>>> print(open('final23.txt').read())   # compact mmCIF, C-alpha atoms and all ligand atoms
# COMPACT_ATOMS: atom_id res chain seq x y z
CA MET A 1 -5.15 42.16 30.87
CA LYS A 2 -8.88 42.06 31.58
CA TRP A 3 -9.98 42.23 35.22
CA THR A 4 -11.72 38.84 34.85
CA ASP A 5 -8.57 37.12 33.52
CA LYS A 6 -6.40 38.58 36.30
CA THR A 7 -8.96 37.65 38.92
CA TRP A 8 -9.48 34.08 37.76
CA LYS A 9 -5.72 33.53 38.22
CA THR A 10 -6.08 34.49 41.89
CA ILE A 11 -8.73 31.83 42.48
CA ALA A 12 -7.11 29.07 40.37
CA PRO A 13 -6.06 27.11 43.53
CA ILE A 14 -9.63 27.36 44.89
CA TYR A 15 -11.09 26.15 41.58
CA GLN A 16 -8.61 23.24 41.56
CA LYS A 17 -9.77 22.25 45.05
CA ILE A 18 -13.40 22.45 43.90
CA ILE A 19 -12.98 20.05 41.00
CA GLU A 20 -11.10 17.63 43.25
CA MET A 21 -13.67 17.67 46.07
CA PRO A 22 -15.68 14.49 46.72
CA PHE A 23 -19.05 16.18 46.09
CA ILE A 24 -18.00 17.13 42.54
CA LYS A 25 -16.21 13.83 41.80
CA GLU A 26 -19.24 11.82 42.92
CA LEU A 27 -21.66 14.10 41.06
CA GLN A 28 -19.53 13.47 37.97
CA ASN A 29 -19.60 9.69 38.25
CA GLY A 30 -23.18 9.54 39.51
CA THR A 31 -22.32 7.96 42.88
CA LEU A 32 -23.13 10.96 45.10
CA PRO A 33 -25.49 9.65 47.81
CA LEU A 34 -29.04 10.87 47.30
CA GLU A 35 -29.16 12.26 50.85
CA LYS A 36 -26.26 14.64 50.06
CA PHE A 37 -27.83 15.80 46.81
CA GLN A 38 -31.15 16.35 48.56
CA PHE A 39 -29.42 18.44 51.21
CA TYR A 40 -27.70 20.43 48.48
CA MET A 41 -30.98 20.96 46.58
CA GLY A 42 -32.80 22.19 49.67
CA GLN A 43 -30.01 24.62 50.57
CA ASP A 44 -29.69 25.72 46.96
CA SER A 45 -33.34 26.64 46.93
CA PHE A 46 -32.67 29.16 49.75
CA TYR A 47 -29.51 30.25 48.00
CA LEU A 48 -31.14 30.90 44.61
CA GLU A 49 -33.97 32.88 46.14
CA ASN A 50 -31.54 35.20 47.91
CA PHE A 51 -29.09 35.29 45.02
CA ALA A 52 -32.00 36.55 42.88
CA ARG A 53 -32.88 39.21 45.46
CA SER A 54 -29.24 40.38 45.50
CA LEU A 55 -29.15 40.54 41.69
CA ALA A 56 -32.30 42.66 41.71
CA VAL A 57 -30.74 45.07 44.24
CA ILE A 58 -27.63 45.39 42.07
CA GLY A 59 -29.89 46.05 39.08
CA ALA A 60 -31.62 48.81 41.00
CA ARG A 61 -28.32 50.40 42.06
CA THR A 62 -26.33 50.26 38.84
CA GLU A 63 -25.93 53.51 36.93
CA SER A 64 -26.16 52.13 33.41
CA VAL A 65 -29.71 51.34 32.31
CA ASP A 66 -28.37 48.48 30.16
CA HIS A 67 -26.68 46.92 33.18
CA ALA A 68 -29.84 47.43 35.22
CA LEU A 69 -31.79 45.50 32.61
CA ASP A 70 -29.17 42.73 32.52
CA PHE A 71 -29.20 42.30 36.30
CA ILE A 72 -32.97 42.37 36.52
CA ARG A 73 -33.05 39.65 33.87
CA PHE A 74 -30.41 37.65 35.78
CA ALA A 75 -32.64 37.96 38.85
CA GLU A 76 -35.67 36.77 36.94
CA GLY A 77 -33.67 33.80 35.59
CA ALA A 78 -32.53 32.78 39.09
CA ILE A 79 -36.14 32.85 40.35
CA VAL A 80 -37.29 30.77 37.39
CA VAL A 81 -34.60 28.17 38.21
CA GLU A 82 -35.69 28.23 41.84
CA LYS A 83 -39.26 27.49 40.83
CA ALA A 84 -38.08 24.73 38.51
CA LEU A 85 -36.20 23.24 41.45
CA HIS A 86 -39.40 23.08 43.44
CA ASP A 87 -41.56 21.88 40.62
CA SER A 88 -39.40 19.22 39.06
CA TYR A 89 -36.12 18.47 40.87
CA PHE A 90 -37.71 18.26 44.30
CA GLN A 91 -40.23 15.77 42.97
CA GLU A 92 -37.65 13.81 41.00
CA PHE A 93 -35.30 13.50 43.98
CA GLY A 94 -38.00 12.86 46.57
CA LEU A 95 -37.63 16.09 48.53
CA THR A 96 -40.74 17.33 50.30
CA SER A 97 -39.25 20.35 52.11
CA ARG A 98 -36.19 22.51 51.70
CA GLY A 99 -35.54 22.32 55.44
CA LYS A 100 -33.97 25.27 57.25
CA ILE A 101 -31.09 27.56 56.30
CA GLU A 102 -27.90 25.83 57.46
CA PRO A 103 -24.68 27.65 58.51
CA THR A 104 -22.78 27.90 55.21
CA THR A 105 -25.91 28.87 53.28
CA HIS A 106 -26.62 31.45 55.96
CA HIS A 107 -23.11 32.87 55.61
CA TYR A 108 -23.22 32.91 51.82
CA ILE A 109 -26.64 34.48 51.37
CA HIS A 110 -25.92 37.18 53.96
CA PHE A 111 -22.60 37.92 52.29
CA LEU A 112 -24.44 38.46 48.98
CA LYS A 113 -27.23 40.48 50.53
CA SER A 114 -24.88 42.80 52.44
CA SER A 115 -22.55 43.22 49.48
CA SER A 116 -25.38 44.05 47.08
CA ALA A 117 -26.91 46.54 49.53
CA LEU A 118 -23.86 48.22 51.03
CA ASP A 119 -20.75 47.74 48.89
CA GLN A 120 -19.85 49.87 45.93
CA VAL A 121 -22.04 48.41 43.16
CA GLU A 122 -19.00 47.28 41.09
CA VAL A 123 -17.79 45.28 44.11
CA ALA A 124 -21.24 43.70 44.45
CA MET A 125 -21.11 42.72 40.77
CA ALA A 126 -17.78 40.99 41.44
CA ALA A 127 -19.27 39.26 44.50
CA VAL A 128 -21.98 37.57 42.42
CA LEU A 129 -19.74 36.66 39.47
CA PRO A 130 -18.41 33.33 40.87
CA CYS A 131 -22.01 32.15 41.17
CA PHE A 132 -22.13 32.29 37.39
CA TRP A 133 -18.59 31.57 36.34
CA ILE A 134 -17.54 28.78 38.73
CA TYR A 135 -20.77 26.88 38.02
CA GLN A 136 -20.15 27.11 34.28
CA GLU A 137 -16.54 25.94 34.66
CA VAL A 138 -17.56 23.07 36.94
CA GLY A 139 -20.47 22.11 34.65
CA ASN A 140 -18.16 22.07 31.62
CA TYR A 141 -15.46 20.19 33.50
CA ILE A 142 -17.88 17.46 34.57
CA TYR A 143 -19.48 17.29 31.14
CA LYS A 144 -16.10 16.81 29.43
CA ASN A 145 -14.72 14.30 31.94
CA GLN A 146 -17.75 12.21 32.80
CA GLN A 147 -17.82 8.54 31.92
CA ALA A 148 -20.93 7.41 33.74
CA GLU A 149 -23.98 6.41 31.75
CA ASN A 150 -27.43 7.05 33.22
CA ASN A 151 -26.05 9.54 35.72
CA PRO A 152 -28.99 10.53 37.98
CA TYR A 153 -27.53 14.04 38.17
CA GLN A 154 -27.28 14.55 34.40
CA LYS A 155 -29.91 17.28 34.31
CA TRP A 156 -27.94 19.35 36.83
CA ILE A 157 -24.76 18.87 34.75
CA ASP A 158 -26.51 19.78 31.50
CA THR A 159 -27.98 22.96 33.03
CA TYR A 160 -24.59 24.42 33.87
CA ALA A 161 -22.68 23.03 30.87
CA GLY A 162 -25.34 24.31 28.45
CA ASP A 163 -25.33 27.18 25.95
CA GLU A 164 -28.05 29.12 27.75
CA PHE A 165 -26.03 29.33 30.95
CA GLU A 166 -22.88 30.17 28.96
CA GLY A 167 -24.66 33.22 27.52
CA LEU A 168 -25.36 34.54 31.03
CA VAL A 169 -21.77 33.98 32.11
CA ILE A 170 -20.36 35.80 29.08
CA LYS A 171 -22.61 38.76 29.85
CA ALA A 172 -21.84 38.85 33.60
CA LYS A 173 -18.07 38.73 32.90
CA ALA A 174 -18.28 41.46 30.25
CA ILE A 175 -20.16 43.74 32.64
CA CYS A 176 -17.52 43.25 35.35
CA ASP A 177 -14.74 44.01 32.87
CA SER A 178 -16.43 47.13 31.61
CA VAL A 179 -17.10 48.54 35.09
CA ALA A 180 -13.61 47.56 36.30
CA ASP A 181 -12.14 49.69 33.49
CA ASN A 182 -13.66 52.75 35.15
CA CYS A 183 -12.48 51.82 38.65
CA THR A 184 -9.28 52.82 40.45
CA GLU A 185 -6.67 50.19 41.36
CA ALA A 186 -7.95 50.19 44.95
CA GLN A 187 -11.54 49.67 43.82
CA GLN A 188 -10.49 46.86 41.49
CA GLN A 189 -8.69 45.26 44.42
CA LYS A 190 -11.94 45.32 46.42
CA MET A 191 -13.73 43.71 43.48
CA THR A 192 -11.09 40.96 43.46
CA GLU A 193 -11.43 40.43 47.22
CA ALA A 194 -15.21 40.04 46.86
CA PHE A 195 -14.71 37.55 44.02
CA ILE A 196 -12.27 35.51 46.12
CA ALA A 197 -14.63 35.47 49.12
CA ALA A 198 -17.53 34.23 46.97
CA SER A 199 -15.30 31.57 45.38
CA ARG A 200 -14.35 30.27 48.83
CA LEU A 201 -18.03 30.19 49.73
CA GLU A 202 -18.80 28.18 46.59
CA PHE A 203 -16.30 25.56 47.78
CA MET A 204 -17.79 25.61 51.27
CA PHE A 205 -21.33 25.31 49.95
CA TRP A 206 -20.63 21.97 48.21
CA ASN A 207 -18.47 20.81 51.09
CA SER A 208 -21.18 21.56 53.64
CA ALA A 209 -23.65 19.50 51.61
CA TYR A 210 -21.20 16.61 51.46
CA ARG A 211 -20.83 16.78 55.24
CA LEU A 212 -24.57 17.41 55.79
CA GLU A 213 -23.43 20.29 57.96
CA SER A 214 -26.02 21.60 60.38
CA TRP A 215 -26.25 24.01 63.32
CA GLU A 216 -24.75 22.32 66.38
CA VAL A 217 -27.19 23.86 68.84
C1 LIG A 301 -24.48 27.95 45.69
C2 LIG A 301 -24.77 28.19 44.24
N1 LIG A 301 -23.93 29.03 43.55
C3 LIG A 301 -24.21 29.26 42.23
C4 LIG A 301 -25.29 28.68 41.59
C5 LIG A 301 -25.52 28.93 40.15
N2 LIG A 301 -26.21 30.12 39.95
C6 LIG A 301 -26.10 27.87 42.35
N3 LIG A 301 -27.18 27.26 41.82
N4 LIG A 301 -25.84 27.60 43.68
>>> encode(input="final23.txt", output="structure tokens")
Amino acid sequence: MKWTDKTWKTIAPIYQKIIEMPFIKELQNGTLPLEKFQFYMGQDSFYLENFARSLAVIGARTESVDHALDFIRFAEGAIVVEKALHDSYFQEFGLTSRGKIEPTTHHYIHFLKSSSALDQVEVAMAAVLPCFWIYQEVGNYIYKNQQAENNPYQKWIDTYAGDEFEGLVIKAKAICDSVADNCTEAQQQKMTEAFIAASRLEFMFWNSAYRLESWEV
């Protein structure tokens, strides 16, 4: 069985919790309060910037030139989305500033930065995979199950349920499978642990936006 198939099974309960969480349900039916989406957008702007930096570091560290090119292109894509967030989404949703980095975002971006810099590069590739794969699954899930017309969050849904994003996910999964084939059992286990940690952080990221979580002091 492919590493990706085995690993997705380990996070199936986390994914189930994600699609049942209020942030996702309300995004799906268009009732998510604007304030929560604004919070999410601001935090996601920090996230995408640092996600892109981590992808670029992985690109620099990977042995295969083809994988280096893929990761550098992933990094470029994440920065382009980040700019689009500023240029269009921020304006559309009335956000003037992205605010400051809040606790869950802080945890997530530092997890990605330390993994990309210090972990075995195959483990770092596994750490960034949920950022692609979970978003695609959630985007597709919402797209298939939505009933709301004139959903204010439609553009977000279409981004992650779209063909362009699917192409990136297919590539990121294929790279993880090909590098996992050359890893020992113990190394594959570390890849899986990194994937699980990032999946938990994806849940926490949406949950923290729903709760408008901020530093207490
Ligand atoms: C937190 C988070 N994770 C993943 C994605 C999709 N790259 C995102 N925009 N934000």
>>> residues_around(input="final23.txt", residues="A:Ile196", least_positions_apart="6", cutoff="9 Å", atoms="all atoms listed in the file", output="list of chain:residue names")
A:Thr7, A:Trp8, A:Thr10, A:Ile11, A:Ile14, A:Ala127, A:Pro130
>>> residues_around(input="final23.txt", residues="stretch 78-91 of chain A", least_positions_apart="4", cutoff="8 Å", atoms="all atoms listed in the file", output="MDAnalysis selection string")
chainID A and resid 41 45 48:49 51:52 74 95:96
>>> residues_near_ligand(input="final23.txt", ligand="ligand LIG 301 (chain A)", cutoff="9 Å", atoms="only C-alpha atoms and all ligand atoms", output="NGL selection string")
:A and (40-41 or 43-45 or 47-48 or 51 or 78 or 81-82 or 105 or 108-109 or 128 or 130-136 or 160 or 198 or 201-203 or 205-206)
>>> write_last_selection(input="final23.txt", atoms="C-alpha atoms", output="PDB file, in the coordinates of the input")
ATOM      1  CA  TYR A  40     -27.700  20.430  48.480  1.00  0.00           C
ATOM      2  CA  MET A  41     -30.980  20.960  46.580  1.00  0.00           C
ATOM      3  CA  GLN A  43     -30.010  24.620  50.570  1.00  0.00           C
ATOM      4  CA  ASP A  44     -29.690  25.720  46.960  1.00  0.00           C
ATOM      5  CA  SER A  45     -33.340  26.640  46.930  1.00  0.00           C
ATOM      6  CA  TYR A  47     -29.510  30.250  48.000  1.00  0.00           C
ATOM      7  CA  LEU A  48     -31.140  30.900  44.610  1.00  0.00           C
ATOM      8  CA  PHE A  51     -29.090  35.290  45.020  1.00  0.00           C
ATOM      9  CA  ALA A  78     -32.530  32.780  39.090  1.00  0.00           C
ATOM     10  CA  VAL A  81     -34.600  28.170  38.210  1.00  0.00           C
ATOM     11  CA  GLU A  82     -35.690  28.230  41.840  1.00  0.00           C
ATOM     12  CA  THR A 105     -25.910  28.870  53.280  1.00  0.00           C
ATOM     13  CA  TYR A 108     -23.220  32.910  51.820  1.00  0.00           C
ATOM     14  CA  ILE A 109     -26.640  34.480  51.370  1.00  0.00           C
ATOM     15  CA  VAL A 128     -21.980  37.570  42.420  1.00  0.00           C
ATOM     16  CA  PRO A 130     -18.410  33.330  40.870  1.00  0.00           C
ATOM     17  CA  CYS A 131     -22.010  32.150  41.170  1.00  0.00           C
ATOM     18  CA  PHE A 132     -22.130  32.290  37.390  1.00  0.00           C
ATOM     19  CA  TRP A 133     -18.590  31.570  36.340  1.00  0.00           C
ATOM     20  CA  ILE A 134     -17.540  28.780  38.730  1.00  0.00           C
ATOM     21  CA  TYR A 135     -20.770  26.880  38.020  1.00  0.00           C
ATOM     22  CA  GLN A 136     -20.150  27.110  34.280  1.00  0.00           C
ATOM     23  CA  TYR A 160     -24.590  24.420  33.870  1.00  0.00           C
ATOM     24  CA  ALA A 198     -17.530  34.230  46.970  1.00  0.00           C
ATOM     25  CA  LEU A 201     -18.030  30.190  49.730  1.00  0.00           C
ATOM     26  CA  GLU A 202     -18.800  28.180  46.590  1.00  0.00           C
ATOM     27  CA  PHE A 203     -16.300  25.560  47.780  1.00  0.00           C
ATOM     28  CA  PHE A 205     -21.330  25.310  49.950  1.00  0.00           C
ATOM     29  CA  TRP A 206     -20.630  21.970  48.210  1.00  0.00           C
TER      30      TRP A 206
END
>>> closest_residue(input="final23.txt", among="A:Ala148, A:Leu32, A:Val121, A:Leu112", to="A:Cys183", atoms="only C-alpha atoms")
A:Val121
>>> axis_aligned_box(input="final23.txt", around="stretch 117-128 of chain A", padding_each_side="6 Å", output="JSON")
{"center_x": -22.3, "center_y": 43.7, "center_z": 45.9, "size_x": 21.1, "size_y": 24.3, "size_z": 22.3}
>>> atom_distance(input="final23.txt", atom1="atom CA of A:Val123", atom2="atom CA of A:Ala209")
27.5 Å
>>> residues_around(input="final23.txt", residues="A:Met1", least_positions_apart="4", cutoff="12 Å", atoms="all atoms listed in the file", output="PDB file with C-alpha atoms, keeping the file's coordinate frame")
ATOM      1  CA  ASP A   5      -8.570  37.120  33.520  1.00  0.00           C
ATOM      2  CA  LYS A   6      -6.400  38.580  36.300  1.00  0.00           C
ATOM      3  CA  THR A   7      -8.960  37.650  38.920  1.00  0.00           C
ATOM      4  CA  TRP A   8      -9.480  34.080  37.760  1.00  0.00           C
ATOM      5  CA  LYS A   9      -5.720  33.530  38.220  1.00  0.00           C
ATOM      6  CA  ASP A 177     -14.740  44.010  32.870  1.00  0.00           C
ATOM      7  CA  ALA A 180     -13.610  47.560  36.300  1.00  0.00           C
ATOM      8  CA  ASP A 181     -12.140  49.690  33.490  1.00  0.00           C
TER       9      ASP A 181
END
>>> atom_distance(input="final23.txt", atom1="atom CA of A:Arg200", atom2="atom CA of A:Lys17")
10.0 Å
>>> closest_residue(input="final23.txt", among="A:Phe93, A:Leu55, A:Ile157, A:Asp163", to="A:Pro33", atoms="all atoms listed in the file")
A:Phe93
>>> closest_residue(input="final23.txt", among="A:Pro152, A:Gly77, A:Gly42, A:Gly99", to="A:Gly30", atoms="all atoms listed in the file")
A:Pro152
>>> build_atoms(input="final23.txt", residues="stretch 165-185 of chain A", atoms="N, CA and C atoms", output="PDB file, in the coordinates of the input")
ATOM      1  N   PHE A 165     -26.756  28.844  29.777  1.00  0.00           N
ATOM      2  CA  PHE A 165     -26.030  29.330  30.950  1.00  0.00           C
ATOM      3  C   PHE A 165     -24.746  30.054  30.512  1.00  0.00           C
ATOM      4  N   GLU A 166     -24.115  29.535  29.467  1.00  0.00           N
ATOM      5  CA  GLU A 166     -22.880  30.170  28.960  1.00  0.00           C
ATOM      6  C   GLU A 166     -23.149  31.630  28.558  1.00  0.00           C
ATOM      7  N   GLY A 167     -24.306  31.862  27.930  1.00  0.00           N
ATOM      8  CA  GLY A 167     -24.660  33.220  27.520  1.00  0.00           C
ATOM      9  C   GLY A 167     -24.716  34.178  28.708  1.00  0.00           C
ATOM     10  N   LEU A 168     -25.279  33.694  29.825  1.00  0.00           N
ATOM     11  CA  LEU A 168     -25.360  34.540  31.030  1.00  0.00           C
ATOM     12  C   LEU A 168     -23.976  34.841  31.574  1.00  0.00           C
ATOM     13  N   VAL A 169     -23.122  33.819  31.545  1.00  0.00           N
ATOM     14  CA  VAL A 169     -21.770  33.980  32.110  1.00  0.00           C
ATOM     15  C   VAL A 169     -20.972  34.984  31.276  1.00  0.00           C
ATOM     16  N   ILE A 170     -21.086  34.867  29.962  1.00  0.00           N
ATOM     17  CA  ILE A 170     -20.360  35.800  29.080  1.00  0.00           C
ATOM     18  C   ILE A 170     -20.791  37.239  29.410  1.00  0.00           C
ATOM     19  N   LYS A 171     -22.083  37.421  29.568  1.00  0.00           N
ATOM     20  CA  LYS A 171     -22.610  38.760  29.850  1.00  0.00           C
ATOM     21  C   LYS A 171     -22.135  39.270  31.224  1.00  0.00           C
ATOM     22  N   ALA A 172     -22.229  38.426  32.238  1.00  0.00           N
ATOM     23  CA  ALA A 172     -21.840  38.850  33.600  1.00  0.00           C
ATOM     24  C   ALA A 172     -20.339  39.204  33.640  1.00  0.00           C
ATOM     25  N   LYS A 173     -19.514  38.433  32.933  1.00  0.00           N
ATOM     26  CA  LYS A 173     -18.070  38.730  32.900  1.00  0.00           C
ATOM     27  C   LYS A 173     -17.810  40.046  32.162  1.00  0.00           C
ATOM     28  N   ALA A 174     -18.492  40.242  31.041  1.00  0.00           N
ATOM     29  CA  ALA A 174     -18.280  41.460  30.250  1.00  0.00           C
ATOM     30  C   ALA A 174     -18.663  42.701  31.047  1.00  0.00           C
ATOM     31  N   ILE A 175     -19.744  42.592  31.821  1.00  0.00           N
ATOM     32  CA  ILE A 175     -20.160  43.740  32.640  1.00  0.00           C
ATOM     33  C   ILE A 175     -19.072  44.056  33.672  1.00  0.00           C
ATOM     34  N   CYS A 176     -18.569  43.011  34.338  1.00  0.00           N
ATOM     35  CA  CYS A 176     -17.520  43.250  35.350  1.00  0.00           C
ATOM     36  C   CYS A 176     -16.292  43.885  34.708  1.00  0.00           C
ATOM     37  N   ASP A 177     -15.907  43.412  33.525  1.00  0.00           N
ATOM     38  CA  ASP A 177     -14.740  44.010  32.870  1.00  0.00           C
ATOM     39  C   ASP A 177     -14.993  45.464  32.508  1.00  0.00           C
ATOM     40  N   SER A 178     -16.200  45.750  32.031  1.00  0.00           N
ATOM     41  CA  SER A 178     -16.430  47.130  31.610  1.00  0.00           C
ATOM     42  C   SER A 178     -16.486  48.066  32.817  1.00  0.00           C
ATOM     43  N   VAL A 179     -17.072  47.638  33.934  1.00  0.00           N
ATOM     44  CA  VAL A 179     -17.100  48.540  35.090  1.00  0.00           C
ATOM     45  C   VAL A 179     -15.718  48.637  35.746  1.00  0.00           C
ATOM     46  N   ALA A 180     -14.957  47.541  35.706  1.00  0.00           N
ATOM     47  CA  ALA A 180     -13.610  47.560  36.300  1.00  0.00           C
ATOM     48  C   ALA A 180     -12.715  48.570  35.581  1.00  0.00           C
ATOM     49  N   ASP A 181     -12.938  48.725  34.270  1.00  0.00           N
ATOM     50  CA  ASP A 181     -12.140  49.690  33.490  1.00  0.00           C
ATOM     51  C   ASP A 181     -12.290  51.109  34.019  1.00  0.00           C
ATOM     52  N   ASN A 182     -13.427  51.389  34.626  1.00  0.00           N
ATOM     53  CA  ASN A 182     -13.660  52.750  35.150  1.00  0.00           C
ATOM     54  C   ASN A 182     -13.381  52.852  36.644  1.00  0.00           C
ATOM     55  N   CYS A 183     -12.785  51.810  37.221  1.00  0.00           N
ATOM     56  CA  CYS A 183     -12.480  51.820  38.650  1.00  0.00           C
ATOM     57  C   CYS A 183     -10.992  52.126  38.884  1.00  0.00           C
ATOM     58  N   THR A 184     -10.692  52.628  40.076  1.00  0.00           N
ATOM     59  CA  THR A 184      -9.280  52.820  40.450  1.00  0.00           C
ATOM     60  C   THR A 184      -8.692  51.453  40.795  1.00  0.00           C
ATOM     61  N   GLU A 185      -7.356  51.425  40.951  1.00  0.00           N
ATOM     62  CA  GLU A 185      -6.670  50.190  41.360  1.00  0.00           C
ATOM     63  C   GLU A 185      -7.251  49.660  42.668  1.00  0.00           C
TER      64      GLU A 185
END
